[in-house]
$ cat target.cif   # mmCIF, C-alpha atoms and all ligand atoms
data_entry
#
loop_
_atom_site.label_atom_id
_atom_site.label_comp_id
_atom_site.auth_asym_id
_atom_site.auth_seq_id
_atom_site.Cartn_x
_atom_site.Cartn_y
_atom_site.Cartn_z
CA MET A 1365 -4.92 -36.76 6.71
CA ARG A 1366 -3.54 -36.46 10.27
CA HIS A 1367 -0.12 -34.88 10.74
CA ARG A 1368 2.41 -35.49 13.52
CA ILE A 1369 3.03 -32.08 15.02
CA GLN A 1370 5.37 -31.15 17.84
CA PHE A 1371 5.74 -27.79 19.52
CA PRO A 1372 9.22 -26.67 20.71
CA PRO A 1373 10.33 -27.29 24.30
CA ALA A 1374 9.24 -24.71 26.87
CA ASP A 1375 12.72 -23.10 27.31
CA VAL A 1376 12.87 -21.89 23.67
CA ARG A 1377 9.30 -20.72 23.50
CA GLU A 1378 9.77 -17.05 24.40
CA LEU A 1379 9.28 -15.89 20.82
CA CYS A 1380 7.35 -13.04 19.20
CA GLN A 1381 4.02 -14.07 17.75
CA ASP A 1382 5.40 -13.97 14.18
CA GLU A 1383 8.48 -16.10 15.04
CA VAL A 1384 6.63 -19.02 16.59
CA TYR A 1385 7.35 -22.40 15.03
CA PHE A 1386 6.52 -26.08 15.30
CA TYR A 1387 7.94 -29.34 13.94
CA LEU A 1388 6.26 -31.53 11.37
CA ASN A 1389 7.34 -35.14 11.67
CA ASP A 1390 6.61 -37.38 8.69
CA GLY A 1391 8.12 -40.47 10.32
CA LYS A 1392 11.43 -40.07 8.46
CA SER A 1393 12.46 -36.49 9.15
CA LYS A 1394 11.49 -33.53 11.28
CA GLU A 1395 10.82 -30.21 9.54
CA LYS A 1396 10.85 -26.91 11.40
CA ILE A 1397 8.02 -24.65 10.18
CA ARG A 1398 7.25 -21.13 11.39
CA LEU A 1399 3.59 -20.37 11.97
CA HIS A 1400 4.07 -17.51 9.48
CA ASP A 1401 5.51 -19.79 6.74
CA TYR A 1402 2.09 -19.73 5.12
CA ASP A 1403 3.33 -20.90 1.71
CA ARG A 1404 4.69 -24.12 3.22
CA ILE A 1405 1.76 -24.68 5.59
CA TYR A 1406 -0.95 -24.16 2.95
CA SER A 1407 0.82 -26.53 0.57
CA ILE A 1408 0.20 -29.45 2.97
CA PRO A 1409 -3.54 -30.31 3.09
CA GLY A 1410 -5.05 -30.04 6.55
CA LEU A 1411 -1.90 -28.76 8.29
CA TYR A 1412 -3.12 -25.18 8.90
CA GLU A 1413 -6.45 -26.46 10.22
CA GLN A 1414 -4.76 -28.99 12.52
CA VAL A 1415 -2.21 -26.57 14.01
CA VAL A 1416 -4.19 -23.33 14.21
CA TYR A 1417 -7.75 -24.53 14.67
CA GLU A 1418 -7.47 -27.90 16.45
CA ARG A 1419 -4.32 -27.47 18.55
CA LEU A 1420 -4.37 -23.70 19.17
CA LYS A 1421 -8.18 -23.49 19.17
CA CYS A 1422 -8.48 -20.41 16.96
CA GLN A 1423 -12.05 -19.10 16.94
CA SER A 1424 -11.58 -15.92 14.92
CA PRO A 1425 -13.28 -16.73 11.59
CA LYS A 1426 -16.58 -17.58 13.33
CA THR A 1427 -16.27 -14.70 15.82
CA VAL A 1428 -15.59 -12.05 13.16
CA ALA A 1429 -18.37 -13.43 10.93
CA ASP A 1430 -20.76 -13.25 13.91
CA VAL A 1431 -19.71 -9.68 14.67
CA LEU A 1432 -20.44 -8.76 11.05
CA ARG A 1433 -23.85 -10.42 11.29
CA TYR A 1434 -24.75 -8.66 14.59
CA SER A 1435 -23.67 -5.34 13.09
CA VAL A 1436 -25.63 -5.67 9.86
CA ASP A 1437 -28.66 -6.97 11.77
CA GLN A 1438 -28.81 -3.60 13.56
CA SER A 1439 -29.47 -1.90 10.22
CA GLN A 1440 -32.07 -2.09 7.46
CA GLN A 1441 -29.65 -3.96 5.24
CA ARG A 1442 -29.57 -7.71 4.69
CA ILE A 1443 -26.41 -9.76 4.90
CA SER A 1444 -27.51 -11.59 1.75
CA GLU A 1445 -27.02 -8.34 -0.20
CA LEU A 1446 -23.37 -7.87 0.72
CA ARG A 1447 -20.51 -7.99 -1.77
CA VAL A 1448 -17.58 -8.93 0.43
CA LEU A 1449 -13.82 -8.60 0.11
CA ASP A 1450 -11.93 -11.10 2.29
CA LEU A 1451 -8.50 -9.48 2.73
CA GLY A 1452 -5.70 -11.93 3.58
CA ALA A 1453 -8.08 -14.78 2.79
CA GLY A 1454 -5.53 -17.58 3.25
CA ASN A 1455 -6.95 -21.04 2.60
CA GLY A 1456 -10.50 -19.78 3.06
CA MET A 1457 -11.34 -20.40 6.72
CA ALA A 1458 -13.06 -17.01 7.10
CA GLY A 1459 -14.57 -17.26 3.62
CA GLU A 1460 -16.24 -20.50 4.64
CA GLU A 1461 -17.98 -18.74 7.58
CA LEU A 1462 -19.15 -15.91 5.32
CA LYS A 1463 -20.47 -18.37 2.79
CA LYS A 1464 -22.59 -19.88 5.59
CA LEU A 1465 -24.05 -16.41 6.22
CA GLY A 1466 -25.17 -16.37 2.59
CA VAL A 1467 -23.47 -13.21 1.35
CA SER A 1468 -24.19 -12.17 -2.23
CA ARG A 1469 -20.59 -12.14 -3.55
CA LEU A 1470 -17.34 -13.20 -1.96
CA VAL A 1471 -13.97 -12.08 -3.34
CA GLY A 1472 -10.77 -13.34 -1.72
CA VAL A 1473 -7.36 -11.70 -1.94
CA ASP A 1474 -4.05 -12.98 -0.66
CA ILE A 1475 -0.46 -12.10 -1.42
CA ILE A 1476 0.75 -15.66 -1.98
CA PRO A 1477 -0.38 -18.08 -4.72
CA GLU A 1478 -0.24 -21.01 -2.28
CA ALA A 1479 -3.20 -19.47 -0.42
CA ARG A 1480 -5.39 -19.42 -3.50
CA ALA A 1481 -4.26 -22.93 -4.47
CA ALA A 1482 -5.19 -24.21 -1.00
CA ALA A 1483 -8.58 -22.45 -1.06
CA ASP A 1484 -9.31 -23.99 -4.49
CA ARG A 1485 -8.13 -27.39 -3.31
CA ASP A 1486 -9.87 -27.50 0.10
CA ARG A 1487 -12.81 -25.08 -0.23
CA ALA A 1488 -13.72 -25.11 -3.90
CA GLY A 1489 -16.68 -22.88 -4.71
CA THR A 1490 -16.36 -20.73 -1.58
CA TYR A 1491 -15.17 -17.62 -3.47
CA ASP A 1492 -16.69 -16.06 -6.58
CA ALA A 1493 -13.16 -14.88 -7.38
CA TYR A 1494 -9.84 -15.23 -5.60
CA TYR A 1495 -6.97 -12.94 -6.56
CA VAL A 1496 -3.29 -13.20 -5.75
CA MET A 1497 -2.41 -9.55 -5.09
CA ASP A 1498 -0.27 -7.53 -2.71
CA PHE A 1499 -2.62 -4.96 -1.25
CA SER A 1500 0.38 -2.80 -0.28
CA ASN A 1501 1.26 -2.44 -3.93
CA LEU A 1502 -1.80 -2.71 -6.19
CA SER A 1503 -1.43 -1.87 -9.88
CA TYR A 1504 -4.06 0.27 -11.64
CA ASP A 1505 -5.37 -2.83 -13.41
CA GLU A 1506 -5.71 -4.74 -10.13
CA ARG A 1507 -7.51 -1.82 -8.55
CA ASP A 1508 -9.92 -1.60 -11.51
CA GLU A 1509 -10.54 -5.33 -11.39
CA LEU A 1510 -11.44 -5.15 -7.69
CA LYS A 1511 -13.61 -2.06 -8.19
CA SER A 1512 -15.60 -3.90 -10.86
CA TRP A 1513 -17.05 -6.05 -8.05
CA SER A 1514 -18.70 -2.98 -6.40
CA LEU A 1515 -17.60 -4.19 -2.98
CA ASP A 1516 -19.55 -2.98 0.03
CA CYS A 1517 -18.07 -5.11 2.80
CA LEU A 1518 -14.51 -5.75 3.98
CA ILE A 1519 -13.57 -8.61 6.25
CA SER A 1520 -10.08 -9.41 7.43
CA VAL A 1521 -9.43 -12.22 9.89
CA ALA A 1522 -6.13 -12.82 11.71
CA ALA A 1523 -4.33 -10.95 8.96
CA LEU A 1524 -3.71 -7.42 10.25
CA GLY A 1525 -0.35 -6.45 11.74
CA PHE A 1526 2.41 -8.82 12.93
CA GLY A 1527 4.23 -8.76 9.60
CA ASP A 1528 1.06 -9.59 7.66
CA ILE A 1529 -1.12 -6.87 6.15
CA PRO A 1530 0.30 -3.40 6.87
CA ALA A 1531 -1.80 -0.37 7.83
CA GLN A 1532 -1.55 1.29 4.39
CA ALA A 1533 -2.84 -1.85 2.68
CA PHE A 1534 -5.77 -2.07 5.07
CA LEU A 1535 -6.64 1.56 4.27
CA GLN A 1536 -6.51 0.84 0.53
CA ALA A 1537 -9.12 -1.84 1.07
CA PHE A 1538 -11.23 0.36 3.38
CA ASN A 1539 -11.25 3.20 0.84
CA MET A 1540 -12.18 0.82 -1.95
CA LEU A 1541 -15.54 0.07 -0.31
CA SER A 1542 -18.60 2.04 -1.27
CA LYS A 1543 -19.77 4.69 1.22
CA GLU A 1544 -21.80 3.03 3.99
CA GLY A 1545 -20.06 -0.27 3.31
CA TRP A 1546 -19.53 -2.67 6.21
CA VAL A 1547 -16.27 -3.69 7.86
CA ALA A 1548 -15.43 -6.53 10.23
CA PHE A 1549 -11.95 -7.47 11.36
CA ASN A 1550 -9.96 -8.54 14.39
CA VAL A 1551 -6.85 -7.06 16.02
CA LYS A 1552 -4.73 -7.98 18.99
CA GLU A 1553 -6.11 -6.39 22.19
CA THR A 1554 -2.99 -4.20 22.67
CA PHE A 1555 -3.83 -2.42 19.39
CA LEU A 1556 -6.51 -0.54 21.34
CA ASP A 1557 -4.10 0.34 24.13
CA ARG A 1558 -2.45 3.77 24.10
CA SER A 1559 0.84 2.26 25.27
CA ASP A 1560 1.11 0.49 21.90
CA ASP A 1561 2.41 3.12 19.47
CA SER A 1562 2.85 0.86 16.41
CA GLY A 1563 1.52 2.33 13.17
CA PHE A 1564 -1.28 -0.17 13.03
CA SER A 1565 -2.57 0.45 16.53
CA GLN A 1566 -2.45 4.24 15.96
CA LEU A 1567 -4.53 3.77 12.83
CA ILE A 1568 -7.08 1.47 14.45
CA ARG A 1569 -7.59 3.85 17.40
CA GLU A 1570 -7.95 6.84 15.07
CA LEU A 1571 -10.44 4.96 12.94
CA ILE A 1572 -12.59 3.81 15.85
CA PHE A 1573 -13.08 7.36 17.11
CA SER A 1574 -13.28 9.00 13.68
CA GLU A 1575 -16.01 10.32 11.44
CA TYR A 1576 -15.04 7.67 8.85
CA LEU A 1577 -16.36 4.68 10.78
CA ASP A 1578 -19.40 4.02 12.92
CA VAL A 1579 -18.62 1.17 15.32
CA TYR A 1580 -21.58 -1.20 15.79
CA GLN A 1581 -19.93 -3.98 17.75
CA LEU A 1582 -16.64 -4.36 19.62
CA GLN A 1583 -16.05 -7.73 21.21
CA ARG A 1584 -13.11 -8.97 23.26
CA TYR A 1585 -12.60 -12.70 22.90
CA ARG A 1586 -9.97 -15.42 22.97
CA HIS A 1587 -8.49 -15.48 19.45
CA ARG A 1588 -6.49 -18.66 20.14
CA TYR A 1589 -3.93 -20.09 22.57
CA SER A 1590 -0.22 -19.42 22.22
CA ILE A 1591 1.97 -22.50 21.90
CA GLU A 1592 2.73 -22.07 25.62
CA GLY A 1593 -0.97 -22.53 26.26
CA GLU A 1594 -1.64 -18.90 27.19
CA PRO A 1595 -4.88 -17.37 25.88
CA LEU A 1596 -4.34 -14.60 23.29
CA TYR A 1597 -7.08 -12.02 23.46
CA TYR A 1598 -8.20 -9.98 20.46
CA PHE A 1599 -10.96 -7.51 19.68
CA ALA A 1600 -13.36 -8.20 16.85
CA LEU A 1601 -14.86 -5.03 15.45
CA GLY A 1602 -17.88 -4.57 13.23
CA GLY A 1603 -18.97 -1.25 11.82
CA LYS A 1604 -20.19 0.85 8.99
CA LYS A 1605 -18.00 3.02 6.81
CA LEU A 1606 -19.04 6.65 6.74
CA GLY A 1607 -16.44 7.94 4.28
CA ASP A 1608 -12.99 7.44 2.81
CA VAL A 1609 -10.03 7.99 5.11
CA PRO A 1610 -8.20 11.04 3.67
CA ASP A 1611 -4.44 11.17 3.06
CA SER A 1612 -4.17 13.89 5.73
CA LEU A 1613 -5.12 11.41 8.48
CA VAL A 1614 -2.62 8.88 7.18
CA GLU A 1615 0.11 11.54 7.05
CA SER A 1616 -0.53 12.52 10.68
CA LEU A 1617 0.34 8.98 11.83
CA ASP A 1618 3.71 7.28 11.82
CA LEU A 1619 2.68 4.10 10.06
CA SER A 1620 6.30 3.03 9.73
CA ILE A 1621 6.50 2.04 13.41
CA GLU A 1622 6.27 -1.78 13.48
C1 LIG B 1 -2.90 -15.73 9.52
S1 LIG B 1 -3.33 -15.78 7.83
C2 LIG B 1 -5.08 -15.64 7.97
C3 LIG B 1 -5.81 -16.38 6.90
C4 LIG B 1 -7.33 -16.41 7.02
N1 LIG B 1 -7.90 -15.08 7.02
C5 LIG B 1 -7.77 -17.18 8.26
O1 LIG B 1 -8.48 -16.60 9.09
O2 LIG B 1 -7.44 -18.35 8.39
C6 LIG B 1 -2.84 -14.16 7.16
C7 LIG B 1 -2.90 -14.08 5.63
O3 LIG B 1 -2.62 -12.72 5.19
C8 LIG B 1 -1.91 -12.81 3.95
N2 LIG B 1 -1.22 -11.52 3.67
C9 LIG B 1 -0.13 -11.00 4.29
N3 LIG B 1 0.23 -9.81 3.72
C10 LIG B 1 -0.66 -9.57 2.72
C11 LIG B 1 -0.82 -8.48 1.77
N4 LIG B 1 0.02 -7.42 1.75
N5 LIG B 1 -1.84 -8.54 0.87
C12 LIG B 1 -2.70 -9.63 0.89
N6 LIG B 1 -2.59 -10.68 1.76
C13 LIG B 1 -1.59 -10.66 2.68
C14 LIG B 1 -0.95 -13.98 4.21
O4 LIG B 1 -0.40 -14.53 3.02
C15 LIG B 1 -1.85 -14.97 4.96
O5 LIG B 1 -2.48 -15.90 4.10
#

$ encode --input "target.cif" --output "structure tokens"
Amino acid sequence: MRHRIQFPPADVRELCQDEVYFYLNDGKSKEKIRLHDYDRIYSIPGLYEQVVYERLKCQSPKTVADVLRYSVDQSQQRISELRVLDLGAGNGMAGEELKKLGVSRLVGVDIIPEARAAADRDRAGTYDAYYVMDFSNLSYDERDELKSWSLDCLISVAALGFGDIPAQAFLQAFNMLSKEGWVAFNVKETFLDRSDDSGFSQLIRELIFSEYLDVYQLQRYRHRYSIEGEPLYYFALGGKKLGDVPDSLVESLDLSIE
């Protein structure tokens, strides 16, 4: 189904990336929806795809999946052996790309039930399991359940920072992988810039140059356009985990800085 979408006029567009909104017009009324109102967006079939992928031309799921493939291809391992955790899986756009790569197992996690419902509705059969969990606050039972999948690959697409998945939650997922597991994710380009002192960018820079991660591929690309039509550049990173990130590294960073 096609939706009638309208972006706000240019003079009110100077918003942070997590405050951006659009209008959905159903012919009778006009609803204002923030791009981060995922529960509302996922509940309307095709809306997320139309806004983010058709209008704003997001290319991150395919790019991050490709970066994972290039990385794994540089090793002796086969992508078909990987047991993947898709963190912040949403309605399954990234999961769909991984499924095409033919991974062995695919487990999705998202904090809101509407994401799982949308993935079941629109991409049935993509995930072997899809859990509604808050990675910032996992219970022992949830942790055990995830560990039972023996995950050896973490992918997170368009979900890190900006009020979505916080640094601590990302580390939980990283440390849950087996040693020599694979990671592939994307971050805004400023996260690699020393002038950005947010907790997340500190963590990403530490990780890239650390003994806990071997970077195989780092690619700058256009993640999507902003609603003003400006290109938003991100880095997609693929690499191999060398060991768990210890608490001491986490304590040396100020992860509270947004
Ligand atoms: C921009 S969407 C990306 C969805 C999907 N990866 C894609 O590429 O289309 C970010 C997702 O992260 C989820 N998220 C935010 N915080 C989370 C948390 N603490 N634990 C798990 N998922 C979270 C949101 O609910 C949302 O579905």

$ closest_residue --input "target.cif" --among "A:Asp1498, A:Glu1460, A:Asp1516, A:Asp1560" --to "ligand LIG 1 (chain B)" --atoms "all atoms listed in the file"
A:Asp1498

$ residues_near_ligand --input "target.cif" --ligand "ligand LIG 1 (chain B)" --cutoff "9 Å" --atoms "only C-alpha atoms and all ligand atoms" --output "ChimeraX atom specification"
/A:1399-1403,1406,1412-1413,1416-1417,1422-1425,1450-1459,1473-1480,1496-1501,1519-1525,1527-1530,1533-1534

$ atom_distance --input "target.cif" --atom1 "atom CA of A:Gly1466" --atom2 "atom CA of A:Arg1442"
9.9 Å

$ closest_residue --input "target.cif" --among "A:Arg1558, A:Lys1605, A:Arg1485, A:Arg1584" --to "A:Ser1542" --atoms "all atoms listed in the file"
A:Lys1605

$ residues_near_point --input "target.cif" --point "(-8.2, -8.1, 18.5)" --cutoff "8 Å" --atoms "all atoms listed in the file" --output "JSON, numbers by chain"
{"A": [1550, 1551, 1552, 1553, 1554, 1555, 1584, 1585, 1587, 1597, 1598, 1599, 1600, 1601]}

$ atom_distance --input "target.cif" --atom1 "atom CA of A:Gln1370" --atom2 "atom CA of A:Leu1596"
19.9 Å

$ residues_around --input "target.cif" --residues "A:Arg1366" --least-positions-apart "6" --cutoff "9 Å" --atoms "all atoms listed in the file" --output "VMD selection string"
chain A and resid 1410 to 1411 1414

$ atom_distance --input "target.cif" --atom1 "atom CA of A:Lys1511" --atom2 "atom CA of A:Asp1618"
28.1 Å

$ closest_residue --input "target.cif" --among "A:Val1431, A:Ser1468, A:Leu1502, A:Tyr1495" --to "A:Ser1444" --atoms "all atoms listed in the file"
A:Ser1468

$ closest_residue --input "target.cif" --among "A:Pro1595, A:Met1540, A:Ala1488, A:Val1467" --to "A:Arg1507" --atoms "all atoms listed in the file"
A:Met1540

$ axis_aligned_box --input "target.cif" --around "stretch 1402-1411 of chain A" --padding-each-side "8 Å" --output "JSON"
{"center_x": -0.2, "center_y": -25.0, "center_z": 4.4, "size_x": 25.7, "size_y": 26.6, "size_z": 23.7}

$ residues_around --input "target.cif" --residues "A:Leu1606" --least-positions-apart "6" --cutoff "8 Å" --atoms "all atoms listed in the file" --output "list in words"
Lys1543, Glu1544, Gly1545, Glu1575, Tyr1576, Leu1577 and Asp1578 of chain A

$ write_last_selection --input "target.cif" --atoms "C-alpha atoms" --output "CSV table (one decimal), keeping the file's coordinate frame"
chain,number,residue,atom,x,y,z
A,1543,LYS,CA,-19.8,4.7,1.2
A,1544,GLU,CA,-21.8,3.0,4.0
A,1545,GLY,CA,-20.1,-0.3,3.3
A,1575,GLU,CA,-16.0,10.3,11.4
A,1576,TYR,CA,-15.0,7.7,8.8
A,1577,LEU,CA,-16.4,4.7,10.8
A,1578,ASP,CA,-19.4,4.0,12.9
